[in-house]
>>> print(open('input.tsv').read())   # TSV, C-alpha atoms
chain	number	residue	atom	x	y	z
A	203	MET	CA	53.02	8.86	-11.20
A	204	LEU	CA	49.47	8.06	-10.14
A	205	LEU	CA	48.48	4.40	-10.29
A	206	SER	CA	45.45	5.31	-12.40
A	207	GLU	CA	47.66	7.11	-14.93
A	208	PHE	CA	49.94	4.09	-15.28
A	209	ILE	CA	46.95	1.80	-15.80
A	210	ARG	CA	45.45	4.06	-18.48
A	211	SER	CA	48.71	4.48	-20.37
A	212	GLY	CA	49.56	0.80	-20.05
A	213	MET	CA	46.18	-0.22	-21.42
A	214	ALA	CA	46.54	2.14	-24.36
A	215	ARG	CA	49.88	0.60	-25.28
A	216	LEU	CA	48.78	-3.02	-24.84
A	217	GLU	CA	45.58	-2.54	-26.85
A	218	THR	CA	47.73	-2.58	-29.97
A	219	LEU	CA	48.39	-6.27	-29.21
A	220	TYR	CA	45.39	-7.48	-27.22
A	221	PRO	CA	41.63	-6.89	-27.00
A	222	SER	CA	40.78	-4.16	-24.50
A	223	PRO	CA	39.56	-6.45	-21.67
A	224	GLU	CA	42.72	-8.56	-21.93
A	225	ALA	CA	44.96	-5.50	-22.04
A	226	ARG	CA	43.26	-4.18	-18.90
A	227	GLY	CA	43.65	-7.54	-17.19
A	228	LEU	CA	47.38	-7.67	-17.95
A	229	VAL	CA	48.04	-4.18	-16.55
A	230	LEU	CA	46.00	-4.88	-13.44
A	231	MET	CA	47.81	-8.18	-12.89
A	232	LEU	CA	51.16	-6.44	-13.21
A	233	CYS	CA	50.17	-3.79	-10.66
A	234	ARG	CA	48.68	-6.35	-8.33
A	235	GLU	CA	51.79	-8.50	-8.30
A	236	ARG	CA	54.41	-5.76	-8.28
A	237	LEU	CA	52.71	-3.22	-6.02
A	238	GLY	CA	50.36	-5.30	-3.88
A	239	VAL	CA	47.32	-3.24	-4.88
A	240	THR	CA	43.89	-4.58	-5.75
A	241	ASN	CA	42.14	-4.40	-9.10
A	242	TYR	CA	40.06	-1.48	-7.86
A	243	THR	CA	42.55	0.50	-5.76
A	244	HIS	CA	42.91	3.10	-8.52
A	245	ILE	CA	39.13	3.59	-8.49
A	246	VAL	CA	38.38	3.77	-4.77
A	247	GLU	CA	41.64	5.56	-3.94
A	248	PRO	CA	42.29	7.73	-7.01
A	249	ALA	CA	45.15	9.61	-5.32
A	250	THR	CA	47.21	6.42	-4.95
A	251	ALA	CA	50.69	7.02	-6.37
A	252	ILE	CA	53.29	4.52	-7.47
A	253	PRO	CA	56.30	4.70	-5.12
A	254	PRO	CA	59.08	6.47	-7.06
A	255	GLU	CA	61.51	3.63	-6.36
A	256	ARG	CA	59.15	1.17	-8.11
A	257	GLU	CA	58.46	3.19	-11.25
A	258	ALA	CA	61.49	2.03	-13.24
A	259	GLU	CA	60.83	-1.66	-12.56
A	260	LEU	CA	57.16	-1.31	-13.43
A	261	ALA	CA	57.97	0.57	-16.64
A	262	ALA	CA	60.46	-2.13	-17.66
A	263	ASP	CA	57.87	-4.85	-17.04
A	264	LEU	CA	55.33	-2.96	-19.15
A	265	ASP	CA	57.88	-2.63	-21.96
A	266	ARG	CA	58.32	-6.41	-21.92
A	267	LEU	CA	54.57	-6.94	-22.13
A	268	CYS	CA	54.33	-4.44	-25.00
A	269	ALA	CA	57.03	-6.40	-26.83
A	270	GLY	CA	54.68	-9.40	-26.73
A	271	GLU	CA	56.46	-11.32	-23.98
A	272	PRO	CA	54.04	-13.57	-22.06
A	273	VAL	CA	52.96	-12.09	-18.75
A	274	GLN	CA	53.94	-15.34	-17.05
A	275	TYR	CA	57.55	-14.85	-18.19
A	276	VAL	CA	57.50	-11.25	-16.99
A	277	LEU	CA	56.17	-12.18	-13.55
A	278	GLY	CA	58.12	-15.42	-13.33
A	279	PHE	CA	55.22	-17.71	-12.53
A	280	ALA	CA	52.06	-19.30	-13.90
A	281	GLU	CA	48.99	-20.26	-11.91
A	282	PHE	CA	48.05	-23.93	-12.33
A	283	CYS	CA	45.85	-26.17	-10.20
A	284	GLY	CA	45.93	-23.72	-7.33
A	285	HIS	CA	49.72	-23.38	-7.22
A	286	ARG	CA	52.27	-20.98	-8.66
A	287	PHE	CA	54.77	-22.68	-10.92
A	288	ALA	CA	58.03	-21.00	-11.84
A	289	VAL	CA	58.22	-20.30	-15.59
A	290	GLY	CA	60.50	-18.42	-17.93
A	291	PRO	CA	61.89	-18.35	-21.47
A	292	GLY	CA	62.47	-21.82	-22.84
A	293	VAL	CA	59.46	-23.53	-21.22
A	294	LEU	CA	55.84	-23.81	-22.26
A	295	VAL	CA	53.36	-21.81	-20.21
A	296	PRO	CA	50.70	-24.21	-18.80
A	297	ARG	CA	47.20	-23.69	-20.18
A	298	PRO	CA	44.02	-23.68	-18.07
A	299	GLU	CA	42.48	-26.59	-19.98
A	300	THR	CA	45.35	-28.85	-18.91
A	301	GLU	CA	43.98	-28.62	-15.36
A	302	LEU	CA	41.16	-30.85	-16.63
A	303	LEU	CA	43.73	-33.50	-17.53
A	304	VAL	CA	45.05	-33.38	-13.97
A	305	ALA	CA	41.49	-33.59	-12.61
A	306	GLU	CA	40.84	-36.71	-14.70
A	307	ALA	CA	44.16	-38.19	-13.60
A	308	VAL	CA	43.30	-37.65	-9.94
A	309	ARG	CA	39.84	-39.11	-10.54
A	310	ALA	CA	41.32	-42.19	-12.24
A	311	LEU	CA	43.76	-42.84	-9.41
A	312	ARG	CA	41.10	-42.47	-6.73
A	313	GLU	CA	38.75	-44.77	-8.62
A	314	MET	CA	41.44	-47.47	-8.52
A	315	ASP	CA	41.22	-47.45	-4.70
A	316	LEU	CA	44.70	-48.98	-4.40
A	317	ASP	CA	46.07	-50.28	-1.11
A	318	ARG	CA	49.56	-49.12	-2.08
A	319	ALA	CA	51.25	-46.05	-3.51
A	320	PRO	CA	50.16	-45.49	-7.13
A	321	LYS	CA	52.81	-45.19	-9.81
A	322	VAL	CA	52.44	-42.47	-12.43
A	323	LEU	CA	54.47	-41.55	-15.52
A	324	ASP	CA	54.19	-38.07	-17.07
A	325	LEU	CA	55.60	-38.01	-20.60
A	326	CYS	CA	56.66	-34.66	-22.08
A	327	THR	CA	56.52	-33.25	-18.56
A	328	GLY	CA	57.89	-29.80	-19.46
A	329	LEU	CA	58.19	-27.64	-16.35
A	330	GLY	CA	56.52	-30.41	-14.35
A	331	CYS	CA	53.12	-28.84	-13.65
A	332	ILE	CA	51.16	-32.05	-14.33
A	333	ALA	CA	53.55	-34.27	-12.38
A	334	TRP	CA	53.70	-31.90	-9.42
A	335	SER	CA	49.94	-31.29	-9.40
A	336	ILE	CA	49.20	-35.01	-9.25
A	337	ALA	CA	51.77	-35.44	-6.47
A	338	LEU	CA	50.26	-32.53	-4.55
A	339	GLU	CA	46.82	-34.17	-4.72
A	340	ILE	CA	47.76	-37.84	-4.28
A	341	HIS	CA	50.49	-37.52	-1.69
A	342	ASP	CA	51.76	-41.09	-1.69
A	343	ALA	CA	51.91	-41.25	-5.50
A	344	GLU	CA	55.27	-42.12	-7.01
A	345	VAL	CA	55.36	-39.77	-9.99
A	346	VAL	CA	58.07	-39.71	-12.66
A	347	GLY	CA	58.26	-36.99	-15.30
A	348	ILE	CA	60.24	-37.39	-18.52
A	349	ASP	CA	61.33	-34.68	-20.94
A	350	LEU	CA	64.13	-34.05	-23.41
A	351	SER	CA	64.64	-30.34	-22.69
A	352	ASP	CA	67.46	-29.36	-20.31
A	353	ILE	CA	65.76	-26.05	-19.53
A	354	ALA	CA	62.36	-27.60	-18.82
A	355	LEU	CA	63.90	-30.19	-16.50
A	356	GLN	CA	65.75	-27.51	-14.57
A	357	TYR	CA	62.42	-25.84	-13.90
A	358	ALA	CA	60.67	-29.13	-13.12
A	359	ARG	CA	63.28	-30.27	-10.61
A	360	HIS	CA	63.31	-26.97	-8.73
A	361	GLN	CA	59.59	-26.26	-8.47
A	362	PHE	CA	58.73	-25.66	-4.81
A	363	ALA	CA	62.32	-26.29	-3.73
A	364	GLY	CA	62.45	-26.50	0.03
A	365	GLY	CA	58.93	-27.85	0.55
A	366	ARG	CA	59.15	-31.61	0.74
A	367	SER	CA	56.81	-32.85	3.48
A	368	LEU	CA	53.31	-32.13	4.78
A	369	PRO	CA	52.32	-31.64	8.38
A	370	ASP	CA	50.52	-34.65	9.87
A	371	GLY	CA	46.98	-34.82	8.53
A	372	ALA	CA	47.47	-32.30	5.73
A	373	ASP	CA	46.15	-33.15	2.30
A	374	GLY	CA	45.60	-31.51	-1.09
A	375	ASN	CA	42.24	-29.93	-1.86
A	376	TYR	CA	42.25	-28.34	-5.31
A	377	PHE	CA	39.83	-30.90	-6.79
A	378	SER	CA	37.81	-31.52	-3.65
A	379	ASP	CA	34.73	-30.00	-5.27
A	380	ARG	CA	35.03	-32.57	-8.06
A	381	PHE	CA	35.37	-35.49	-5.67
A	382	ALA	CA	32.83	-34.68	-2.96
A	383	GLU	CA	32.41	-38.35	-2.15
A	384	LYS	CA	36.00	-38.33	-0.83
A	385	PRO	CA	36.39	-34.96	0.95
A	386	ILE	CA	39.92	-33.80	1.68
A	387	SER	CA	41.24	-30.98	3.79
A	388	ALA	CA	43.28	-27.97	2.74
A	389	PRO	CA	47.08	-27.91	2.95
A	390	LEU	CA	48.27	-26.41	6.22
A	391	SER	CA	50.20	-23.50	4.78
A	392	ALA	CA	49.86	-19.73	5.03
A	393	ALA	CA	49.58	-17.49	1.99
A	394	GLY	CA	52.87	-17.23	0.21
A	395	GLU	CA	54.36	-20.45	1.54
A	396	ARG	CA	55.61	-23.10	-0.88
A	397	PRO	CA	53.21	-25.99	-1.50
A	398	VAL	CA	54.39	-29.26	-0.04
A	399	CYS	CA	53.81	-32.93	-0.77
A	400	TRP	CA	54.68	-36.28	0.72
A	401	CYS	CA	56.54	-37.64	-2.27
A	402	PRO	CA	58.00	-35.10	-4.73
A	403	PRO	CA	58.16	-36.25	-8.35
A	404	ARG	CA	61.31	-37.60	-9.91
A	405	PHE	CA	62.38	-36.14	-13.26
A	406	LEU	CA	64.40	-37.92	-15.93
A	407	GLN	CA	65.83	-36.78	-19.26
A	408	ALA	CA	64.92	-38.91	-22.24
A	409	ASP	CA	63.51	-38.72	-25.75
A	410	ILE	CA	60.09	-40.35	-25.55
A	411	LEU	CA	60.24	-41.11	-29.26
A	412	ASP	CA	62.86	-43.69	-28.32
A	413	THR	CA	60.20	-46.15	-27.24
A	414	GLU	CA	62.47	-49.11	-26.52
A	415	GLN	CA	64.72	-47.51	-23.91
A	416	ALA	CA	64.94	-48.87	-20.40
A	417	PHE	CA	62.70	-47.54	-17.64
A	418	ASP	CA	62.75	-48.81	-14.06
A	419	GLY	CA	59.54	-47.21	-12.80
A	420	GLY	CA	56.95	-49.79	-13.83
A	421	PRO	CA	54.52	-51.40	-13.68
A	422	LEU	CA	52.51	-48.18	-13.81
A	423	ASP	CA	48.99	-47.37	-12.69
A	424	LEU	CA	48.68	-44.24	-14.83
A	425	VAL	CA	50.40	-42.76	-17.88
A	426	VAL	CA	49.73	-39.11	-18.70
A	427	GLY	CA	51.11	-36.84	-21.38
A	428	ASN	CA	50.72	-33.43	-22.96
A	429	PRO	CA	52.98	-33.72	-26.00
A	430	PRO	CA	53.42	-31.26	-28.86
A	431	TYR	CA	50.30	-31.37	-31.03
A	432	VAL	CA	49.92	-28.04	-32.88
A	433	LEU	CA	50.20	-28.54	-36.64
A	434	GLU	CA	52.81	-26.51	-38.48
A	435	ARG	CA	50.08	-25.05	-40.67
A	436	GLU	CA	48.34	-23.74	-37.55
A	437	ARG	CA	51.19	-21.32	-36.81
A	438	ALA	CA	49.34	-18.60	-38.69
A	439	LEU	CA	46.49	-18.84	-36.15
A	440	MET	CA	48.68	-18.23	-33.12
A	441	ARG	CA	49.40	-14.96	-31.36
A	442	PRO	CA	52.89	-13.44	-31.32
A	443	ASN	CA	53.07	-13.71	-27.51
A	444	VAL	CA	53.04	-17.50	-28.00
A	445	LEU	CA	54.63	-17.92	-31.40
A	446	ASP	CA	57.59	-15.59	-30.85
A	447	TRP	CA	58.38	-16.59	-27.27
A	448	GLU	CA	57.41	-20.11	-26.26
A	449	PRO	CA	59.57	-23.04	-27.43
A	450	ALA	CA	58.48	-24.34	-30.83
A	451	THR	CA	59.67	-27.86	-30.01
A	452	ALA	CA	57.08	-28.04	-27.21
A	453	LEU	CA	54.28	-26.85	-29.48
A	454	PHE	CA	54.55	-28.04	-33.07
A	455	VAL	CA	54.46	-31.31	-34.97
A	456	PRO	CA	54.90	-31.89	-38.70
A	457	ASP	CA	51.73	-31.65	-40.77
A	458	GLY	CA	52.65	-34.97	-42.37
A	459	ASP	CA	53.08	-36.84	-39.06
A	460	PRO	CA	51.04	-35.11	-36.35
A	461	LEU	CA	50.49	-38.22	-34.22
A	462	ARG	CA	54.12	-39.29	-33.78
A	463	PHE	CA	54.16	-38.52	-30.06
A	464	TYR	CA	50.88	-40.35	-29.45
A	465	ARG	CA	52.22	-43.50	-31.11
A	466	ALA	CA	55.21	-43.22	-28.80
A	467	ILE	CA	53.04	-42.72	-25.71
A	468	ALA	CA	50.94	-45.73	-26.71
A	469	ARG	CA	54.13	-47.80	-26.95
A	470	TRP	CA	55.33	-46.63	-23.52
A	471	ALA	CA	51.93	-47.56	-22.12
A	472	GLN	CA	52.02	-50.98	-23.80
A	473	ARG	CA	55.37	-51.69	-22.16
A	474	PHE	CA	54.88	-50.28	-18.68
A	475	LEU	CA	51.18	-49.82	-17.86
A	476	ARG	CA	49.81	-52.62	-15.70
A	477	PRO	CA	46.60	-54.44	-16.67
A	478	GLY	CA	43.77	-52.32	-15.33
A	479	GLY	CA	45.85	-49.16	-15.43
A	480	ALA	CA	44.77	-46.00	-17.24
A	481	GLY	CA	46.16	-43.39	-19.60
A	482	LEU	CA	45.33	-39.75	-20.30
A	483	VAL	CA	46.70	-37.42	-22.97
A	484	GLU	CA	45.92	-33.92	-24.19
A	485	ILE	CA	45.26	-33.67	-27.93
A	486	ASN	CA	44.67	-31.39	-30.90
A	487	GLU	CA	40.95	-30.66	-31.09
A	488	ALA	CA	40.97	-31.34	-34.84
A	489	LEU	CA	42.44	-34.83	-34.47
A	490	GLY	CA	40.27	-36.44	-31.82
A	491	ALA	CA	39.13	-39.48	-33.79
A	492	GLU	CA	42.54	-40.02	-35.36
A	493	THR	CA	44.31	-39.85	-31.99
A	494	ALA	CA	41.78	-42.19	-30.37
A	495	ALA	CA	42.43	-44.65	-33.20
A	496	VAL	CA	46.14	-44.72	-32.28
A	497	PHE	CA	45.35	-46.05	-28.81
A	498	ALA	CA	42.58	-48.37	-29.98
A	499	GLY	CA	44.95	-49.75	-32.59
A	500	ALA	CA	47.56	-50.35	-29.88
A	501	GLY	CA	45.11	-52.66	-28.12
A	502	PHE	CA	43.66	-50.40	-25.45
A	503	LYS	CA	39.98	-50.86	-24.62
A	504	ASN	CA	37.34	-48.27	-23.77
A	505	VAL	CA	39.20	-45.42	-25.46
A	506	GLN	CA	37.30	-42.18	-24.79
A	507	ILE	CA	37.50	-38.67	-26.21
A	508	LEU	CA	36.90	-36.06	-23.49
A	509	PRO	CA	36.02	-32.36	-23.96
A	510	ASP	CA	37.63	-29.21	-22.57
A	511	PHE	CA	35.88	-26.14	-21.13
A	512	ALA	CA	34.72	-25.13	-24.62
A	513	LYS	CA	33.37	-28.63	-25.38
A	514	LYS	CA	36.13	-29.24	-27.92
A	515	ASP	CA	37.84	-32.62	-28.20
A	516	ARG	CA	40.86	-32.14	-25.92
A	517	PHE	CA	41.76	-35.38	-24.14
A	518	ILE	CA	41.93	-39.11	-24.69
A	519	ARG	CA	41.44	-41.55	-21.85
A	520	PHE	CA	42.50	-45.13	-22.52
>>> encode(input="input.tsv", output="structure tokens")
Amino acid sequence: MLLSEFIRSGMARLETLYPSPEARGLVLMLCRERLGVTNYTHIVEPATAIPPEREAELAADLDRLCAGEPVQYVLGFAEFCGHRFAVGPGVLVPRPETELLVAEAVRALREMDLDRAPKVLDLCTGLGCIAWSIALEIHDAEVVGIDLSDIALQYARHQFAGGRSLPDGADGNYFSDRFAEKPISAPLSAAGERPVCWCPPRFLQADILDTEQAFDGGPLDLVVGNPPYVLERERALMRPNVLDWEPATALFVPDGDPLRFYRAIARWAQRFLRPGGAGLVEINEALGAETAAVFAGAGFKNVQILPDFAKKDRFIRF
């Protein structure tokens, strides 16, 4: 089969689920990752054929996409903060806006200008993308991620397995454009190598709603969290590729108690965050003021609501 034929037929099938530009993007991503072609190979080299031995695998992947399965599950990874994180059924796919939370976390830690390793706690860590991304930027940071899900913790603990130290002088650079006053150099790794960091995160299993349990990682410099925050009544607004595949427990909260996880995070921060430390959480855009009030009511000063790419209320810094 010609590559161009596969792309045309794949787009036609996926356009029943997605807008045309998104359908095209999904097919091109699939071909790029599975065949090593570019997004324009089928245009500049129209005679390019799919190797016969790859046709069955490619067709099976397309069938999965047409069933609504997230492309990240099909490919086995999600791009986040310049790294590829392993993902699959049972874990939440990281969203682009959450990179802004990591950027703010890195900014907060650098502003502290500590003369020791900073200590960070990531609540509702999921597959560990926030915890790992902070560790890959702030290489001496002692980062702990907490989650209740067995599956998520399996992913978190095995991200980048095998890469555990950086060459002398290497440093992270994903947010270097945001922190030009403190330039940092790129990791010394070739394309395709696993990212590496000085101090890999530690991951623990716990229910963060149990706010009085013991924790030996304090006092903390930074608490971050991206807990479930989608209201049950908002299910009707979500696409099947999210609703039918990603874990509901990582997405939804009861309409009658949508801030339960934020009250818990505030309590964790009250117990373990040092004076002068900072906190950052991702929030439901419709509940910015209410969520900020949780942290203000818990005694935190200078509580701020921060926007995402679309200028919607998306984060609280406290």
>>> closest_residue(input="input.tsv", among="A:His244, A:Arg215, A:Arg286, A:Arg465", to="Val483 (chain A)", atoms="only C-alpha atoms")
A:Arg465
>>> atom_distance(input="input.tsv", atom1="CA of Ser351 (chain A)", atom2="CA of Arg473 (chain A)")
23.3 Å
>>> atom_distance(input="input.tsv", atom1="CA of Val276 (chain A)", atom2="CA of Asp263 (chain A)")
6.4 Å
>>> residues_around(input="input.tsv", residues="Ala307 (chain A)", least_positions_apart="4", cutoff="8 Å", atoms="only C-alpha atoms", output="PDB file with C-alpha atoms, in the coordinates of the input")
ATOM      1  CA  LEU A 303      43.730 -33.500 -17.530  1.00  0.00           C
ATOM      2  CA  LEU A 311      43.760 -42.840  -9.410  1.00  0.00           C
ATOM      3  CA  ILE A 336      49.200 -35.010  -9.250  1.00  0.00           C
ATOM      4  CA  LEU A 424      48.680 -44.240 -14.830  1.00  0.00           C
ATOM      5  CA  VAL A 426      49.730 -39.110 -18.700  1.00  0.00           C
ATOM      6  CA  LEU A 482      45.330 -39.750 -20.300  1.00  0.00           C
TER       7      LEU A 482
END
>>> residues_around(input="input.tsv", residues="Pro460 (chain A)", least_positions_apart="6", cutoff="12 Å", atoms="only C-alpha atoms", output="ChimeraX atom specification")
/A:429-436,453-454,466,485-486,488-490,492-493,496
>>> write_last_selection(input="input.tsv", atoms="C-alpha atoms", output="tab-separated table (two decimals), in the frame of the given file")
chain	number	residue	atom	x	y	z
A	429	PRO	CA	52.98	-33.72	-26.00
A	430	PRO	CA	53.42	-31.26	-28.86
A	431	TYR	CA	50.30	-31.37	-31.03
A	432	VAL	CA	49.92	-28.04	-32.88
A	433	LEU	CA	50.20	-28.54	-36.64
A	434	GLU	CA	52.81	-26.51	-38.48
A	435	ARG	CA	50.08	-25.05	-40.67
A	436	GLU	CA	48.34	-23.74	-37.55
A	453	LEU	CA	54.28	-26.85	-29.48
A	454	PHE	CA	54.55	-28.04	-33.07
A	466	ALA	CA	55.21	-43.22	-28.80
A	485	ILE	CA	45.26	-33.67	-27.93
A	486	ASN	CA	44.67	-31.39	-30.90
A	488	ALA	CA	40.97	-31.34	-34.84
A	489	LEU	CA	42.44	-34.83	-34.47
A	490	GLY	CA	40.27	-36.44	-31.82
A	492	GLU	CA	42.54	-40.02	-35.36
A	493	THR	CA	44.31	-39.85	-31.99
A	496	VAL	CA	46.14	-44.72	-32.28
>>> atom_distance(input="input.tsv", atom1="CA of Leu230 (chain A)", atom2="CA of Pro298 (chain A)")
19.5 Å
>>> residues_around(input="input.tsv", residues="Gln407 (chain A)", least_positions_apart="2", cutoff="7 Å", atoms="all atoms listed in the file", output="count of residues only")
4
>>> closest_residue(input="input.tsv", among="A:Asp412, A:Asp457, A:Glu339, A:Asp315", to="Gly479 (chain A)", atoms="only C-alpha atoms")
A:Asp315
>>> residues_around(input="input.tsv", residues="Ala319 (chain A)", least_positions_apart="4", cutoff="8 Å", atoms="only C-alpha atoms", output="ChimeraX atom specification")
/A:342-344
>>> residues_near_point(input="input.tsv", point="(54.2, -45.6, -7.7)", cutoff="9 Å", atoms="all atoms listed in the file", output="list in words")
Arg318, Ala319, Pro320, Lys321, Val322, Leu323, Asp342, Ala343, Glu344, Val345, Val346, Gly419, Gly420, Pro421, Leu422 and Asp423 of chain A
>>> residues_around(input="input.tsv", residues="Ala468 (chain A)", least_positions_apart="4", cutoff="8 Å", atoms="all atoms listed in the file", output="list in words")
Tyr464, Gln472, Val496, Phe497 and Ala500 of chain A
>>> build_atoms(input="input.tsv", residues="region 483-506 of chain A", atoms="N, CA and C atoms", output="mmCIF file, keeping the file's coordinate frame")
data_model
loop_
_atom_site.group_PDB
_atom_site.id
_atom_site.type_symbol
_atom_site.label_atom_id
_atom_site.label_comp_id
_atom_site.auth_asym_id
_atom_site.auth_seq_id
_atom_site.Cartn_x
_atom_site.Cartn_y
_atom_site.Cartn_z
ATOM 1 N N VAL A 483 45.859 -38.330 -22.187
ATOM 2 C CA VAL A 483 46.700 -37.420 -22.970
ATOM 3 C C VAL A 483 45.879 -36.234 -23.441
ATOM 4 N N GLU A 484 46.545 -35.099 -23.587
ATOM 5 C CA GLU A 484 45.920 -33.920 -24.190
ATOM 6 C C GLU A 484 46.167 -33.973 -25.693
ATOM 7 N N ILE A 485 45.196 -33.494 -26.486
ATOM 8 C CA ILE A 485 45.260 -33.670 -27.930
ATOM 9 C C ILE A 485 44.864 -32.412 -28.687
ATOM 10 N N ASN A 486 45.143 -32.427 -29.978
ATOM 11 C CA ASN A 486 44.670 -31.390 -30.900
ATOM 12 C C ASN A 486 43.183 -31.600 -31.153
ATOM 13 N N GLU A 487 42.402 -30.555 -30.960
ATOM 14 C CA GLU A 487 40.950 -30.660 -31.090
ATOM 15 C C GLU A 487 40.505 -31.154 -32.457
ATOM 16 N N ALA A 488 41.341 -30.945 -33.482
ATOM 17 C CA ALA A 488 40.970 -31.340 -34.840
ATOM 18 C C ALA A 488 41.292 -32.795 -35.134
ATOM 19 N N LEU A 489 41.949 -33.474 -34.205
ATOM 20 C CA LEU A 489 42.440 -34.830 -34.470
ATOM 21 C C LEU A 489 41.957 -35.828 -33.413
ATOM 22 N N GLY A 490 40.773 -35.575 -32.869
ATOM 23 C CA GLY A 490 40.270 -36.440 -31.820
ATOM 24 C C GLY A 490 40.117 -37.889 -32.252
ATOM 25 N N ALA A 491 39.386 -38.115 -33.330
ATOM 26 C CA ALA A 491 39.130 -39.480 -33.790
ATOM 27 C C ALA A 491 40.418 -40.173 -34.202
ATOM 28 N N GLU A 492 41.271 -39.428 -34.901
ATOM 29 C CA GLU A 492 42.540 -40.020 -35.360
ATOM 30 C C GLU A 492 43.431 -40.406 -34.178
ATOM 31 N N THR A 493 43.467 -39.555 -33.149
ATOM 32 C CA THR A 493 44.310 -39.850 -31.990
ATOM 33 C C THR A 493 43.734 -41.023 -31.200
ATOM 34 N N ALA A 494 42.415 -41.052 -31.049
ATOM 35 C CA ALA A 494 41.780 -42.190 -30.370
ATOM 36 C C ALA A 494 42.100 -43.493 -31.086
ATOM 37 N N ALA A 495 42.150 -43.440 -32.420
ATOM 38 C CA ALA A 495 42.430 -44.650 -33.200
ATOM 39 C C ALA A 495 43.845 -45.179 -32.928
ATOM 40 N N VAL A 496 44.776 -44.276 -32.611
ATOM 41 C CA VAL A 496 46.140 -44.720 -32.280
ATOM 42 C C VAL A 496 46.107 -45.645 -31.074
ATOM 43 N N PHE A 497 45.373 -45.255 -30.044
ATOM 44 C CA PHE A 497 45.350 -46.050 -28.810
ATOM 45 C C PHE A 497 44.484 -47.303 -28.972
ATOM 46 N N ALA A 498 43.391 -47.180 -29.706
ATOM 47 C CA ALA A 498 42.580 -48.370 -29.980
ATOM 48 C C ALA A 498 43.381 -49.376 -30.791
ATOM 49 N N GLY A 499 44.132 -48.877 -31.768
ATOM 50 C CA GLY A 499 44.950 -49.750 -32.590
ATOM 51 C C GLY A 499 46.090 -50.402 -31.825
ATOM 52 N N ALA A 500 46.494 -49.779 -30.714
ATOM 53 C CA ALA A 500 47.560 -50.350 -29.880
ATOM 54 C C ALA A 500 47.002 -51.369 -28.894
ATOM 55 N N GLY A 501 45.695 -51.610 -28.937
ATOM 56 C CA GLY A 501 45.110 -52.660 -28.120
ATOM 57 C C GLY A 501 44.416 -52.196 -26.852
ATOM 58 N N PHE A 502 44.303 -50.900 -26.659
ATOM 59 C CA PHE A 502 43.660 -50.400 -25.450
ATOM 60 C C PHE A 502 42.133 -50.390 -25.639
ATOM 61 N N LYS A 503 41.433 -50.769 -24.572
ATOM 62 C CA LYS A 503 39.980 -50.860 -24.620
ATOM 63 C C LYS A 503 39.359 -49.600 -24.018
ATOM 64 N N ASN A 504 38.102 -49.379 -24.333
ATOM 65 C CA ASN A 504 37.340 -48.270 -23.770
ATOM 66 C C ASN A 504 38.034 -46.919 -23.968
ATOM 67 N N VAL A 505 38.548 -46.694 -25.147
ATOM 68 C CA VAL A 505 39.200 -45.420 -25.460
ATOM 69 C C VAL A 505 38.115 -44.343 -25.562
ATOM 70 N N GLN A 506 38.306 -43.244 -24.831
ATOM 71 C CA GLN A 506 37.300 -42.180 -24.790
ATOM 72 C C GLN A 506 37.911 -40.849 -25.203
#
